[in-house]
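*Asks:* Before I ask anything, let me first share the structure, which is written out below as structure tokens.
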Amino acid sequence: MPARRRRRRPARRVGPVTTSRDRGLAEALADARDLPDGEARFAELERIAGQADATGEPATGLAARFALIEAYLHHGERWRLLEPVRRCLAAVDRAPGLLDGRPGDAEALRRHHRQAVEAFLGTPRVGLDQARSLLDDLADRLGPDAAPVAELRCRLADHLGDEPTARREYDRWRRDPEQSYDHSGSARLTPRQDPEQPAVPDPAGGCPGCAPARRGELLAGWGERAAALDALRPVLDGEVRCTDQPERALAVALLPWLRGGEPERAARAHLRAYRRHRRERTAFPQLAAHLRFCALGGHLDRGLDILAEQLPRLDHPYDDLSAMEFAAAGALLCALAAEAGRGGRRVHRPGHGRRPAAEVDVATLGADLFALATELAGSFDARNGTGHQSGRIASWLAERPVADLVPLPADDDSDEWPADDPAGRAEPAEEELAPLSLALVTAALDRRGDGYVVEPDGTVVGRWGEAVIRYRRLGRRGEILHARVVATRRLPAARRAEAYAFCNAWNHDRLLPKAYVHEVAEGELLLAGDVSTDLEHGVAPVQLDVLIDATVATGVGYAAAVAALP
């Protein structure tokens, strides 16, 4: 499928240097989108949205909050979604015409509504009443019996420890067909009414390809091992594809296979899935399953290696829930390792905040992780008014190995993988679509013979002549390939107008990359550009080769043009 091209915003008008407060809100919003990720961008987008509310510019306010929501998602601040999503919904309810002719924004609002409810499950920093109110609002828009509503009510009840309610809602979710929606851009999140229109899964229902994994996680948590594997079957049989699969489903299947007397299959699945999960920022929630597999399957040394490798990510986790589960799984692993005589092994823990870097023994690290897991569980329970999360973590820590040790197959020995085992699927053929992954990006660079480094968050960085190019995966499922080009030459701030004029001319005359200017330090301007390609439906290696070639060629051309400036 051809890659979709991101629309460029119009070139910046060159004029006197002013602050964003002195310019129109639309131009200030364009500038805010170019700010680096972080609090400065959040604060400016919040300011623009508030000013738009005060001056009666609802379209700009809506656009600013959409940008704010995306910034929170990309920066790992999901717990902050509820308020901007609530305000977006209220704005569209007051003026339904805001989304007329904008089906993409209507789809985004459906998706963000769901994400805001899901954010509650990942952090104790969102009130229970807030989450229930937003879920009730979704039920009003979709209907109380809609599958997305049943799923979210099931997961909320499960999070609170109300298993009977969770099971009832699960049955309703499983019974209902996947909901579809129309493309009208209506503010109401209504099911599709036109029977002649092709069915499109409603974004409020989440990723259809990940639904089996979400069901499998619930069933495995309830001790329904066989049912969990049955729920995962569409992914494991290759019937359902998405950018997170099959690796996410394989991680969910690890303990059911291990407990069901299939340790060899669990071992193959662990190796296959961890190759991907070890570096992907969005895969942090799956790491606890890998650690528990190593602990309960007797692979203590491998588990300690993984724990040492992944410890830095615990300081910047995906969310609080995944941090709690990672810490609990790590504490279990350390406890079992200490019982097996490995308590004196030392692990490097990097510094973070006021904590200095140190070499800590396994027993001490396990105690630290135990304290973190129980503290986070207590925070969830204090918010929820239950003791469920603390009890769940206590049950994890009380587990003991459930199978005899089975040697792991060689990580790079494809001959050891059964042909019908999804855990052993080969790399995609040249023209076969596959989910975008770090491995595909690095393989494309390897085919070019280019040098690069992979940063801890999975960003791939290389230098070509005067250009430094950073490739990273964005989007909820890592389906967007984002390339950022930075010219090594910098200009003094006194040449700001000239730099803007250069970028305007580049954006007018060239297709890629989108060029812009950053003031990175007092008296210094950085000229950069970026290219984003939405690969939601997958990408073939041959197509990715073309995309990589294009970004390198245009990035080098851009940096060379900057270097050639007088």
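Ligands are numbered from 1 in the order shown, residues from 1 within each chain, and chains are lettered A, B, ... in the order they appear in the structure tokens.
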Which residues, written as a PyMOL selection string, have at least one atom at most 7 Å from Val360 of chain A, with only C-alpha atoms counted and residues fewer than 5 positions away on the same chain left out?
*Replies:* chain A and resi 346-349+365
*Asks:* What's around Val402 of chain A at 7 Å? Count only C-alpha atoms, leave out sequence neighbours fewer than 5 positions away in its own chain, and write the answer as a compact mmCIF listing (two decimals) with N, CA and C atoms, in the first residue's frame.
*Replies:*
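Below is the file that was written, out_19.txt:
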```txt
# COMPACT_ATOMS: atom_id res chain seq x y z
N ARG A 259 2.63 -22.83 32.23
CA ARG A 259 1.82 -23.55 33.22
C ARG A 259 1.07 -24.72 32.62
N LEU A 296 9.84 -17.96 36.64
CA LEU A 296 9.05 -19.17 36.89
C LEU A 296 9.47 -20.34 36.02
N GLY A 297 10.21 -20.05 34.95
CA GLY A 297 10.70 -21.12 34.09
C GLY A 297 12.10 -21.55 34.42
```
*Asks:* Please, which residues of segment 99-338 of chain A, numbered as in this document, come out alpha helix (DSSP H) from DSSP, as an NGL selection string?
*Replies:* :A and (103-122 or 128-142 or 147-160 or 163-175 or 211-221 or 225-236 or 247-259 or 263-277 or 287-296 or 300-314 or 320-338)
*Asks:* If we count only C-alpha atoms and set the cut-off at 8 Å, which residues sit around Leu98 of chain A, ignoring sequence neighbours fewer than 6 positions away in its own chain? Please answer as a count of residues only.
*Replies:* 3
*Asks:* Write out as an MDAnalysis selection string each polymer residue whose atoms come within 7 Å of Ala49 of chain A, counting only C-alpha atoms; drop sequence neighbours fewer than 3 positions from it.
*Replies:* chainID A and resid 45:46 52:53 61 64:65
*Asks:* Store the residues picked out above in a file with C-alpha atoms, as a compact mmCIF listing (two decimals), in the first residue's frame.
*Replies:*
```txt
# COMPACT_ATOMS: atom_id res chain seq x y z
CA LEU A 45 -0.38 24.73 23.82
CA GLU A 46 -2.38 25.07 27.04
CA ALA A 52 -8.77 30.77 22.18
CA ASP A 53 -11.56 29.99 24.66
CA GLY A 61 -8.89 25.98 20.72
CA ALA A 64 -4.52 23.38 20.15
CA ARG A 65 -6.01 20.69 22.39
```
*Asks:* Quick one: residues within 12 Å of Ala150 of chain A, only C-alpha atoms, excluding same-chain residues fewer than 5 positions away - as a list in words?
*Replies:*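 Residues near the query, excluding close chain neighbours: Leu135, Asp136, Leu138, Ala139, Leu142, Gly143, Pro144, Asp145, Arg155, Leu156, Ala157, Thr165, Ala166, Arg167, Arg168, Glu169, Tyr170, Asp171, Arg172, Trp173, Arg174, Arg175, Asp176, Pro177, Glu178, Gln179, Ala204 and Gly205 of chain A.
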*Asks:* Which polymer residues have any atom within 9 Å of an atom of Thr374 of chain A, counting only C-alpha atoms, with same-chain residues fewer than 3 positions away left out, as a list in words?
*Replies:* Met324, Ala327, Ala328, Leu369, Phe370, Ala371, Ala377, Gly378, Ser379, Gln389, Ser390, Ile393 and Ala394 of chain A
*Asks:* Grab the residues selected above and save them as a PDB file, in the first residue's frame with N, CA, C and O atoms.
*Replies:*
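Result file follows (part-v5.pdb):
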```
ATOM      1  N   MET A 324       4.835  -0.602  38.118  1.00  0.00           N
ATOM      2  CA  MET A 324       4.518  -1.474  39.253  1.00  0.00           C
ATOM      3  C   MET A 324       4.725  -2.939  38.881  1.00  0.00           C
ATOM      4  O   MET A 324       5.349  -3.708  39.637  1.00  0.00           O
ATOM      5  N   ALA A 327       8.449  -3.755  38.386  1.00  0.00           N
ATOM      6  CA  ALA A 327       9.141  -3.834  39.676  1.00  0.00           C
ATOM      7  C   ALA A 327       8.772  -5.117  40.413  1.00  0.00           C
ATOM      8  O   ALA A 327       9.637  -5.771  41.024  1.00  0.00           O
ATOM      9  N   ALA A 328       7.497  -5.508  40.373  1.00  0.00           N
ATOM     10  CA  ALA A 328       7.082  -6.735  41.057  1.00  0.00           C
ATOM     11  C   ALA A 328       7.726  -7.960  40.415  1.00  0.00           C
ATOM     12  O   ALA A 328       8.210  -8.865  41.112  1.00  0.00           O
ATOM     13  N   LEU A 369      13.095  -2.992  44.467  1.00  0.00           N
ATOM     14  CA  LEU A 369      11.985  -3.202  43.535  1.00  0.00           C
ATOM     15  C   LEU A 369      10.711  -3.604  44.279  1.00  0.00           C
ATOM     16  O   LEU A 369       9.602  -3.184  43.912  1.00  0.00           O
ATOM     17  N   PHE A 370      10.868  -4.424  45.317  1.00  0.00           N
ATOM     18  CA  PHE A 370       9.716  -4.802  46.144  1.00  0.00           C
ATOM     19  C   PHE A 370       9.073  -3.563  46.760  1.00  0.00           C
ATOM     20  O   PHE A 370       7.836  -3.410  46.749  1.00  0.00           O
ATOM     21  N   ALA A 371       9.900  -2.657  47.279  1.00  0.00           N
ATOM     22  CA  ALA A 371       9.369  -1.446  47.899  1.00  0.00           C
ATOM     23  C   ALA A 371       8.633  -0.581  46.879  1.00  0.00           C
ATOM     24  O   ALA A 371       7.563  -0.027  47.168  1.00  0.00           O
ATOM     25  N   ALA A 377       1.343  -0.074  44.207  1.00  0.00           N
ATOM     26  CA  ALA A 377       0.089  -0.805  44.422  1.00  0.00           C
ATOM     27  C   ALA A 377      -0.746  -0.123  45.490  1.00  0.00           C
ATOM     28  O   ALA A 377      -1.980   0.006  45.357  1.00  0.00           O
ATOM     29  N   GLY A 378      -0.091   0.351  46.552  1.00  0.00           N
ATOM     30  CA  GLY A 378      -0.818   1.068  47.594  1.00  0.00           C
ATOM     31  C   GLY A 378      -1.425   2.360  47.085  1.00  0.00           C
ATOM     32  O   GLY A 378      -2.532   2.740  47.506  1.00  0.00           O
ATOM     33  N   SER A 379      -0.734   3.040  46.173  1.00  0.00           N
ATOM     34  CA  SER A 379      -1.281   4.281  45.607  1.00  0.00           C
ATOM     35  C   SER A 379      -2.528   3.995  44.780  1.00  0.00           C
ATOM     36  O   SER A 379      -3.517   4.731  44.848  1.00  0.00           O
ATOM     37  N   GLN A 389      -5.012  -4.299  44.003  1.00  0.00           N
ATOM     38  CA  GLN A 389      -3.691  -4.248  43.378  1.00  0.00           C
ATOM     39  C   GLN A 389      -2.602  -4.737  44.336  1.00  0.00           C
ATOM     40  O   GLN A 389      -1.672  -5.436  43.925  1.00  0.00           O
ATOM     41  N   SER A 390      -2.712  -4.388  45.605  1.00  0.00           N
ATOM     42  CA  SER A 390      -1.739  -4.888  46.581  1.00  0.00           C
ATOM     43  C   SER A 390      -1.813  -6.412  46.686  1.00  0.00           C
ATOM     44  O   SER A 390      -0.782  -7.101  46.761  1.00  0.00           O
ATOM     45  N   ILE A 393      -0.167  -7.987  43.518  1.00  0.00           N
ATOM     46  CA  ILE A 393       1.289  -7.952  43.568  1.00  0.00           C
ATOM     47  C   ILE A 393       1.815  -8.954  44.601  1.00  0.00           C
ATOM     48  O   ILE A 393       2.822  -9.641  44.365  1.00  0.00           O
ATOM     49  N   ALA A 394       1.130  -9.082  45.732  1.00  0.00           N
ATOM     50  CA  ALA A 394       1.549 -10.063  46.737  1.00  0.00           C
ATOM     51  C   ALA A 394       1.488 -11.478  46.179  1.00  0.00           C
ATOM     52  O   ALA A 394       2.360 -12.317  46.464  1.00  0.00           O
TER      53      ALA A 394
END
```
*Asks:* Can you build me a table of segment 452-517 of chain A residues sitting at most 12 Å from segment 33-39 of chain A, with the closest atom pair per residue and its distance in Å to one decimal, using only C-alpha atoms, sorted by chain and residue number, as CSV?
*Replies:*
```
residue,atom,partner,partner_atom,distance
A:Arg484,CA,A:Pro36,CA,11.9
A:Lys514,CA,A:Asp34,CA,10.9
A:Ala515,CA,A:Asp34,CA,10.3
A:Tyr516,CA,A:Asp34,CA,7.8
A:Val517,CA,A:Asp34,CA,8.5
```
*Asks:* Would you output that residue set with all heavy atoms, as a PDB file, in the first residue's frame?
*Replies:*
```pdb
ATOM      1  N   ARG A 484      13.887  12.840  11.492  1.00  0.00           N
ATOM      2  CA  ARG A 484      14.240  14.236  11.772  1.00  0.00           C
ATOM      3  C   ARG A 484      15.664  14.485  11.299  1.00  0.00           C
ATOM      4  O   ARG A 484      16.588  13.766  11.685  1.00  0.00           O
ATOM      5  CB  ARG A 484      14.119  14.550  13.258  1.00  0.00           C
ATOM      6  CG  ARG A 484      14.357  16.028  13.587  1.00  0.00           C
ATOM      7  CD  ARG A 484      13.988  16.315  15.042  1.00  0.00           C
ATOM      8  NE  ARG A 484      13.967  17.749  15.319  1.00  0.00           N
ATOM      9  CZ  ARG A 484      14.960  18.409  15.914  1.00  0.00           C
ATOM     10  NH1 ARG A 484      16.052  17.768  16.292  1.00  0.00           N
ATOM     11  NH2 ARG A 484      14.871  19.696  16.135  1.00  0.00           N
ATOM     12  N   LYS A 514      10.106  18.813   5.506  1.00  0.00           N
ATOM     13  CA  LYS A 514       9.550  20.078   5.985  1.00  0.00           C
ATOM     14  C   LYS A 514      10.636  20.770   6.806  1.00  0.00           C
ATOM     15  O   LYS A 514      11.181  20.196   7.749  1.00  0.00           O
ATOM     16  CB  LYS A 514       8.332  19.835   6.873  1.00  0.00           C
ATOM     17  CG  LYS A 514       7.693  21.115   7.378  1.00  0.00           C
ATOM     18  CD  LYS A 514       6.655  20.842   8.453  1.00  0.00           C
ATOM     19  CE  LYS A 514       7.300  20.500   9.771  1.00  0.00           C
ATOM     20  NZ  LYS A 514       6.345  20.380  10.878  1.00  0.00           N
ATOM     21  N   ALA A 515      10.954  22.014   6.445  1.00  0.00           N
ATOM     22  CA  ALA A 515      12.080  22.717   7.066  1.00  0.00           C
ATOM     23  C   ALA A 515      11.587  23.737   8.084  1.00  0.00           C
ATOM     24  O   ALA A 515      10.536  24.353   7.903  1.00  0.00           O
ATOM     25  CB  ALA A 515      12.919  23.409   6.002  1.00  0.00           C
ATOM     26  N   TYR A 516      12.353  23.926   9.149  1.00  0.00           N
ATOM     27  CA  TYR A 516      12.004  24.915  10.166  1.00  0.00           C
ATOM     28  C   TYR A 516      13.256  25.327  10.931  1.00  0.00           C
ATOM     29  O   TYR A 516      14.336  24.758  10.758  1.00  0.00           O
ATOM     30  CB  TYR A 516      10.945  24.377  11.122  1.00  0.00           C
ATOM     31  CG  TYR A 516      11.215  23.005  11.680  1.00  0.00           C
ATOM     32  CD1 TYR A 516      11.972  22.830  12.836  1.00  0.00           C
ATOM     33  CD2 TYR A 516      10.719  21.868  11.052  1.00  0.00           C
ATOM     34  CE1 TYR A 516      12.221  21.569  13.349  1.00  0.00           C
ATOM     35  CE2 TYR A 516      10.963  20.603  11.545  1.00  0.00           C
ATOM     36  CZ  TYR A 516      11.706  20.452  12.692  1.00  0.00           C
ATOM     37  OH  TYR A 516      11.965  19.201  13.199  1.00  0.00           O
ATOM     38  N   VAL A 517      13.083  26.345  11.792  1.00  0.00           N
ATOM     39  CA  VAL A 517      14.189  26.937  12.537  1.00  0.00           C
ATOM     40  C   VAL A 517      13.915  26.796  14.028  1.00  0.00           C
ATOM     41  O   VAL A 517      12.790  27.008  14.481  1.00  0.00           O
ATOM     42  CB  VAL A 517      14.360  28.434  12.185  1.00  0.00           C
ATOM     43  CG1 VAL A 517      15.493  29.055  12.992  1.00  0.00           C
ATOM     44  CG2 VAL A 517      14.598  28.611  10.699  1.00  0.00           C
TER      45      VAL A 517
END
```
*Asks:* Using only C-alpha atoms, determine which residues lie at most 8 Å from Gln245 of chain A, disregarding the query and same-chain residues fewer than 5 positions distant; provide the list as a list of chain:residue names.
*Replies:*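 Counting only the stated atoms, we get A:Gly209, A:Cys210, A:Val235, A:Pro435.
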*Asks:* Could you save those same residues with all heavy atoms as a compact mmCIF listing (two decimals), in the first residue's frame?
*Replies:*
```txt
# COMPACT_ATOMS: atom_id res chain seq x y z
N GLY A 209 -6.76 -5.56 15.99
CA GLY A 209 -5.73 -6.58 16.00
C GLY A 209 -5.18 -6.88 17.37
O GLY A 209 -4.60 -7.96 17.59
N CYS A 210 -5.35 -5.93 18.31
CA CYS A 210 -4.87 -6.14 19.68
C CYS A 210 -5.98 -6.63 20.61
O CYS A 210 -5.69 -6.96 21.77
CB CYS A 210 -4.26 -4.86 20.24
SG CYS A 210 -2.65 -4.45 19.53
N VAL A 235 -4.62 -14.28 16.55
CA VAL A 235 -3.30 -13.70 16.30
C VAL A 235 -2.27 -14.79 16.08
O VAL A 235 -1.47 -14.74 15.14
CB VAL A 235 -2.86 -12.80 17.47
CG1 VAL A 235 -1.46 -12.26 17.23
CG2 VAL A 235 -3.84 -11.64 17.65
N PRO A 435 4.32 -5.20 10.20
CA PRO A 435 4.27 -4.02 11.06
C PRO A 435 5.63 -3.33 11.11
O PRO A 435 6.68 -3.99 11.14
CB PRO A 435 3.89 -4.60 12.43
CG PRO A 435 3.26 -5.93 12.13
CD PRO A 435 3.95 -6.44 10.92
```
*Asks:* Considering only C-alpha atoms, give me a table of residues in segment 429-488 of chain A that are at most 8 Å from segment 70-86 of chain A, with the closest atom pair and distance in Å for each, as CSV.
*Replies:*
```
residue,atom,partner,partner_atom,distance
A:Leu474,CA,A:His74,CA,6.9
A:Gly475,CA,A:His74,CA,7.2
A:Arg476,CA,A:Leu73,CA,7.6
```
*Asks:* How would you write, as number ranges by chain, the set of residues in segment 382-525 of chain A that DSSP gives as strand (DSSP E or B)?
*Replies:* A: 434, 453-454, 460-464, 467-474, 480-492, 514-521, 524-525
